[in-house]
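Asks: If it helps, the file is called upload-v7.cif and holds mmCIF, C-alpha atoms:
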```cif
data_work
loop_
_atom_site.label_atom_id
_atom_site.label_comp_id
_atom_site.auth_asym_id
_atom_site.auth_seq_id
_atom_site.Cartn_x
_atom_site.Cartn_y
_atom_site.Cartn_z
CA GLN L 1 94.59 102.73 98.55
CA LYS L 2 97.53 103.84 96.43
CA GLU L 3 99.46 106.81 97.72
CA VAL L 4 99.27 108.64 94.39
CA GLU L 5 96.49 107.88 91.94
CA GLN L 6 96.07 108.82 88.32
CA ASN L 7 93.70 107.73 85.61
CA SER L 8 95.79 105.54 83.32
CA GLY L 9 93.99 106.74 80.21
CA PRO L 10 94.53 106.80 77.35
CA LEU L 11 93.34 110.38 77.17
CA SER L 12 92.83 111.64 73.64
CA VAL L 13 92.72 115.38 72.97
CA PRO L 14 92.47 117.20 69.63
CA GLU L 15 95.42 119.32 68.62
CA GLY L 16 95.03 122.88 69.87
CA ALA L 17 92.67 121.95 72.71
CA ILE L 18 93.37 121.94 76.44
CA ALA L 19 94.51 118.67 77.96
CA SER L 20 93.64 118.20 81.63
CA LEU L 21 95.51 115.62 83.71
CA ASN L 22 94.51 114.82 87.26
CA CYS L 23 96.14 113.28 90.29
CA THR L 24 95.03 112.59 93.86
CA TYR L 25 97.21 111.71 96.82
CA SER L 26 96.47 110.06 100.13
CA ASP L 27 98.97 111.66 102.54
CA ARG L 28 97.42 114.89 103.73
CA GLY L 29 100.81 116.05 104.98
CA SER L 30 102.37 115.94 101.52
CA GLN L 31 104.41 119.03 100.79
CA SER L 32 105.71 119.01 97.23
CA PHE L 33 104.13 117.96 93.96
CA PHE L 34 105.70 117.26 90.60
CA TRP L 35 104.67 116.52 87.05
CA TYR L 36 107.01 114.46 84.88
CA ARG L 37 106.64 113.66 81.20
CA GLN L 38 107.84 110.34 79.83
CA TYR L 39 107.98 109.58 76.13
CA SER L 40 107.72 105.93 75.14
CA GLY L 41 111.01 104.16 75.74
CA LYS L 42 112.59 107.22 77.35
CA SER L 43 113.27 108.41 80.87
CA PRO L 44 111.05 110.79 82.86
CA GLU L 45 111.75 114.51 82.65
CA LEU L 46 110.43 117.17 85.01
CA ILE L 47 107.85 119.57 83.59
CA MET L 48 106.70 121.45 86.68
CA PHE L 49 106.61 121.41 90.45
CA ILE L 50 104.25 123.16 92.83
CA TYR L 51 104.30 123.63 96.59
CA SER L 52 101.51 126.10 97.36
CA ASN L 53 97.77 125.99 96.84
CA GLY L 54 96.62 127.63 93.65
CA ASP L 55 97.93 127.80 90.12
CA LYS L 56 101.44 127.92 88.74
CA GLU L 57 101.96 128.70 85.07
CA ASP L 58 104.95 127.97 82.85
CA GLY L 59 104.41 128.57 79.17
CA ARG L 60 101.63 126.30 77.93
CA PHE L 61 101.60 124.35 81.21
CA THR L 62 99.65 125.17 84.36
CA ALA L 63 99.85 123.15 87.55
CA GLN L 64 96.98 123.45 90.01
CA LEU L 65 97.12 122.35 93.64
CA ASN L 66 94.30 121.98 96.13
CA LYS L 67 95.65 120.59 99.38
CA ALA L 68 92.24 120.53 101.06
CA SER L 69 90.97 118.18 98.38
CA GLN L 70 94.35 116.41 98.05
CA TYR L 71 94.26 117.04 94.35
CA VAL L 72 96.82 118.26 91.83
CA SER L 73 96.30 118.75 88.13
CA LEU L 74 98.22 119.70 85.02
CA LEU L 75 96.69 121.68 82.18
CA ILE L 76 98.33 121.79 78.78
CA ARG L 77 97.05 124.61 76.57
CA ASP L 78 97.24 124.58 72.79
CA SER L 79 98.08 120.87 72.81
CA GLN L 80 100.61 119.73 70.23
CA PRO L 81 101.28 116.24 68.85
CA SER L 82 104.68 116.46 70.58
CA ASP L 83 102.82 116.54 73.91
CA SER L 84 101.77 112.92 73.35
CA ALA L 85 103.44 111.04 76.20
CA THR L 86 102.76 109.54 79.61
CA TYR L 87 102.47 112.11 82.38
CA LEU L 88 103.55 111.06 85.85
CA CYS L 89 102.41 112.78 89.01
CA ALA L 90 104.85 112.57 91.93
CA VAL L 91 104.62 113.61 95.56
CA ILE L 92 107.08 114.20 98.39
CA SER L 93 105.44 113.61 101.74
CA ASN L 94 107.87 115.28 104.07
CA PHE L 95 109.62 118.56 103.46
CA GLY L 96 113.34 118.02 103.35
CA ASN L 97 112.91 114.41 102.29
CA GLU L 98 113.79 113.62 98.70
CA LYS L 99 111.69 110.49 98.32
CA LEU L 100 109.36 110.84 95.35
CA THR L 101 106.25 108.65 95.22
CA PHE L 102 104.94 108.36 91.67
CA GLY L 103 101.53 107.63 90.28
CA THR L 104 101.30 105.08 87.51
CA GLY L 105 100.85 107.81 84.92
CA THR L 106 98.27 108.97 82.38
CA ARG L 107 98.91 108.27 78.73
CA LEU L 108 98.02 111.34 76.65
CA THR L 109 97.54 111.28 72.90
CA ILE L 110 97.13 114.50 70.93
CA ILE L 111 95.17 113.91 67.75
CA PRO L 112 96.26 116.06 64.78
CA ASP V 1 127.41 117.81 80.75
CA ALA V 2 126.82 114.19 79.72
CA GLY V 3 123.89 113.71 82.04
CA VAL V 4 123.34 110.63 84.17
CA ILE V 5 125.07 107.63 82.63
CA GLN V 6 123.82 104.10 83.11
CA SER V 7 125.23 100.80 81.97
CA PRO V 8 124.41 98.43 80.51
CA ARG V 9 121.48 99.83 78.56
CA HIS V 10 120.05 96.35 78.04
CA GLU V 11 120.65 93.16 79.96
CA VAL V 12 119.27 89.70 79.31
CA THR V 13 120.13 87.04 81.84
CA GLU V 14 118.91 83.74 83.14
CA MET V 15 117.19 83.18 86.43
CA GLY V 16 119.64 82.70 89.25
CA GLN V 17 122.40 84.79 87.72
CA GLU V 18 123.87 87.88 89.35
CA VAL V 19 123.09 91.19 87.71
CA THR V 20 124.98 94.42 88.35
CA LEU V 21 123.66 97.76 87.13
CA ARG V 22 125.90 100.81 87.12
CA CYS V 23 125.29 104.52 87.38
CA LYS V 24 127.39 107.64 87.10
CA PRO V 25 125.55 110.71 88.39
CA ILE V 26 125.91 114.21 87.03
CA SER V 27 129.11 115.78 88.33
CA GLY V 28 128.46 117.89 91.40
CA HIS V 29 125.16 116.24 92.25
CA ASN V 30 125.15 114.85 95.76
CA SER V 31 121.93 112.82 95.78
CA LEU V 32 121.46 109.62 93.81
CA PHE V 33 118.32 107.57 93.36
CA TRP V 34 117.58 104.08 92.03
CA TYR V 35 114.09 103.45 90.60
CA ARG V 36 112.38 100.46 89.03
CA GLN V 37 109.58 100.82 86.48
CA THR V 38 107.12 98.12 85.47
CA MET V 39 103.76 98.26 83.74
CA MET V 40 102.01 96.87 86.78
CA ARG V 41 103.62 98.90 89.56
CA GLY V 42 104.79 102.00 87.74
CA LEU V 43 107.89 103.88 88.87
CA GLU V 44 109.07 102.92 92.35
CA LEU V 45 111.94 104.31 94.38
CA LEU V 46 114.23 101.52 95.55
CA ILE V 47 116.88 103.46 97.45
CA TYR V 48 118.48 106.86 97.58
CA PHE V 49 121.82 108.19 98.73
CA ASN V 50 122.88 111.62 99.88
CA ASN V 51 126.60 112.35 99.96
CA ASN V 52 127.22 108.64 99.30
CA VAL V 53 125.25 107.59 102.39
CA PRO V 54 122.07 105.52 102.00
CA ILE V 55 119.17 107.57 103.35
CA ASP V 56 116.09 105.53 102.53
CA ASP V 57 116.19 101.90 101.36
CA SER V 58 112.60 101.06 102.29
CA GLY V 59 111.79 100.38 98.64
CA MET V 60 114.38 97.65 98.21
CA PRO V 61 112.18 94.61 97.59
CA GLU V 62 114.20 91.97 99.43
CA ASP V 63 117.63 90.80 100.41
CA ARG V 64 118.41 89.81 96.86
CA PHE V 65 118.81 93.51 96.08
CA SER V 66 121.74 95.57 97.28
CA ALA V 67 123.08 98.99 96.35
CA LYS V 68 126.35 100.73 96.98
CA MET V 69 127.81 104.15 96.39
CA PRO V 70 131.55 103.92 97.04
CA ASN V 71 132.20 107.47 95.85
CA ALA V 72 130.41 110.54 94.53
CA SER V 73 130.70 109.48 90.89
CA PHE V 74 129.61 105.85 90.94
CA SER V 75 126.85 103.61 92.22
CA THR V 76 125.82 100.02 91.66
CA LEU V 77 122.59 98.10 92.08
CA LYS V 78 123.07 94.37 92.36
CA ILE V 79 120.50 91.59 92.15
CA GLN V 80 121.63 88.18 93.32
CA PRO V 81 120.10 85.77 92.47
CA SER V 82 117.91 87.29 89.77
CA GLU V 83 114.34 86.14 89.17
CA PRO V 84 111.95 86.64 86.22
CA ARG V 85 109.85 89.05 88.30
CA ASP V 86 112.86 91.37 88.47
CA SER V 87 112.39 92.12 84.78
CA ALA V 88 111.86 95.88 84.53
CA VAL V 89 113.48 99.13 83.53
CA TYR V 90 115.84 100.39 86.21
CA PHE V 91 116.50 104.11 86.29
CA CYS V 92 119.17 106.00 88.12
CA ALA V 93 118.63 109.69 88.86
CA SER V 94 120.68 112.39 90.52
CA SER V 95 119.95 115.79 91.99
CA PRO V 96 122.10 118.71 93.10
CA ARG V 97 120.50 118.88 96.47
CA THR V 98 121.68 121.86 98.43
CA SER V 99 118.58 122.87 100.38
CA GLY V 100 114.92 122.16 99.90
CA VAL V 101 113.87 120.05 96.97
CA GLU V 102 115.80 119.87 93.74
CA THR V 103 114.97 118.46 90.33
CA GLN V 104 115.89 114.83 89.83
CA TYR V 105 117.57 114.13 86.50
CA PHE V 106 117.02 110.65 85.18
CA GLY V 107 119.42 108.48 83.27
CA PRO V 108 118.35 106.55 80.14
CA GLY V 109 117.61 103.40 82.12
CA THR V 110 118.70 99.77 81.99
CA ARG V 111 116.19 97.36 80.50
CA LEU V 112 116.55 94.08 82.35
CA LEU V 113 115.02 90.83 81.19
CA VAL V 114 115.41 87.77 83.39
CA LEU V 115 114.51 84.55 81.63
#
```
In structure tokens, how does this file's structure come out?

Replies:
Amino acid sequence: QKEVEQNSGPLSVPEGAIASLNCTYSDRGSQSFFWYRQYSGKSPELIMFIYSNGDKEDGRFTAQLNKASQYVSLLIRDSQPSDSATYLCAVISNFGNEKLTFGTGTRLTIIP
Amino acid sequence: DAGVIQSPRHEVTEMGQEVTLRCKPISGHNSLFWYRQTMMRGLELLIYFNNNVPIDDSGMPEDRFSAKMPNASFSTLKIQPSEPRDSAVYFCASSPRTSGVETQYFGPGTRLLVL
């Protein structure tokens, strides 16, 4: 079992709709959770991080964490063509450790 | 700030040759990370340093790989001898770790092709 799992997609969403990206992780003791966006041929860039159960909102992005279900998701509201990218979920297992374990990413395409 | 700088941006070499990748972290950042990204395995952490000291090298695939950080502004990742399966994009990232968890800022990557 992979430590961090994501559906590779591609996930196609109409412009203006909500895109929902999901991630599960295997280490129940994981402490910190991150969403990175990676455009084709570019490097990853951090969108959001979340530590506590519940929702965290930042503009059009909402991260949701459910530690009991070992599940973290990213919602993108009012999807734009510029949101088309691969979204990487990453987890840090031990607080104070900086080692990020990444999922293989979900490729998102926003259809105009 | 110029961001994380990596060189070369592209490298094509033949199997058996030595490859050296270079990274200059963002000034003031005290943690540095080396990642490898492939289609099959995704983005994997190879090694990371804090204050120039290697903290976790469990991701280094084998003895052919070595990494150094002689000072706060420079790190190298060396592959000797290189093999075709080493072909990947290698990213360097840095973070201004003070306490807790800090954002990792990625460099543009080095695209390595081993023939």

Asks: Run through the PyMOL selection byres ((chain L) within 9 of (chain V)) on the given coordinates and return the selected residues as a list in words.

Replies: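 Selection result, ordered by chain and number: Ser32, Gly41, Lys42, Ser43, Pro44, Glu45, Leu46, Phe49, Leu88, Phe95, Gly96, Asn97, Glu98, Lys99, Leu100, Thr101, Phe102, Gly103, Thr104 and Gly105 of chain L.
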
Asks: For a quick check of your reading of the model, name the residues lying within 7 Å of the coordinate (117.0, 87.6, 84.8), counting all atoms listed in the file, and write them as an NGL selection string.

Replies: :V and (12-15 or 17 or 82-84 or 86-87 or 112-115)

Asks: Separation of CA of Lys2 in chain L and CA of Gln31 in chain L, in Å?

Replies: 17.2 Å

Asks: Convert the output of the PyMOL selection byres ((chain L and resi 9) around 6) on the shown file into explicit residues, formatted as a compact mmCIF listing (two decimals) with C-alpha atoms, in the coordinates of the input.

Replies:
```txt
# COMPACT_ATOMS: atom_id res chain seq x y z
CA ASN L 7 93.70 107.73 85.61
CA SER L 8 95.79 105.54 83.32
CA PRO L 10 94.53 106.80 77.35
CA LEU L 11 93.34 110.38 77.17
CA THR L 106 98.27 108.97 82.38
CA ARG L 107 98.91 108.27 78.73
```

Asks: Rank nothing, just name the residue among V:Gln80, V:Asn71, V:Thr110, V:Asn51 nearest to Trp34 in chain V, using all atoms listed in the file.

Replies: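 Nearest candidate to Trp34 in chain V out of V:Gln80, V:Asn71, V:Thr110, V:Asn51: V:Thr110.
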
Asks: To one decimal place, how far is CA of Gly16 in chain V from CA of Met69 in chain V in Å?

Replies: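 Calculated distance between CA of Gly16 in chain V and CA of Met69 in chain V is 24.0 Å.
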
Asks: Would you kindly return, as a PyMOL selection string, each protein, DNA or RNA residue with an atom no farther than 12 Å from any atom of Ile47 in chain L, considering all atoms listed in the file and excluding same-chain residues fewer than 3 positions away?

Replies: (chain L and resi 33-38+44+50+56-63+74-76+83+86-90) or (chain V and resi 103-105)

Asks: Apply the PyMOL selection byres ((chain V and resi 22) around 6) to the structure shown and report the selected residues as an NGL selection string.

Replies: :V and (6-7 or 21 or 23 or 75-76)

Asks: Write out the residues from the selection above, keeping C-alpha atoms, as a PDB file, in the frame of the given file.

Replies:
```
ATOM      1  CA  GLN V   6     123.820 104.100  83.110  1.00  0.00           C
ATOM      2  CA  SER V   7     125.230 100.800  81.970  1.00  0.00           C
ATOM      3  CA  LEU V  21     123.660  97.760  87.130  1.00  0.00           C
ATOM      4  CA  CYS V  23     125.290 104.520  87.380  1.00  0.00           C
ATOM      5  CA  SER V  75     126.850 103.610  92.220  1.00  0.00           C
ATOM      6  CA  THR V  76     125.820 100.020  91.660  1.00  0.00           C
TER       7      THR V  76
END
```

Asks: So the first atom is CA of Ser12 in chain L and the second is CA of Ser40 in chain L; what is the distance between them in Å, to one decimal place?

Replies: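 Separating CA of Ser12 in chain L from CA of Ser40 in chain L is a distance of 16.0 Å.
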
Asks: Find the residue from L:Gln80, L:Ser73, L:Ser52, L:Asn94 that sits nearest to Ala17 in chain L; use all atoms listed in the file when measuring.

Replies: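 Of L:Gln80, L:Ser73, L:Ser52, L:Asn94, the one nearest Ala17 in chain L is L:Gln80, counting all atoms listed in the file.
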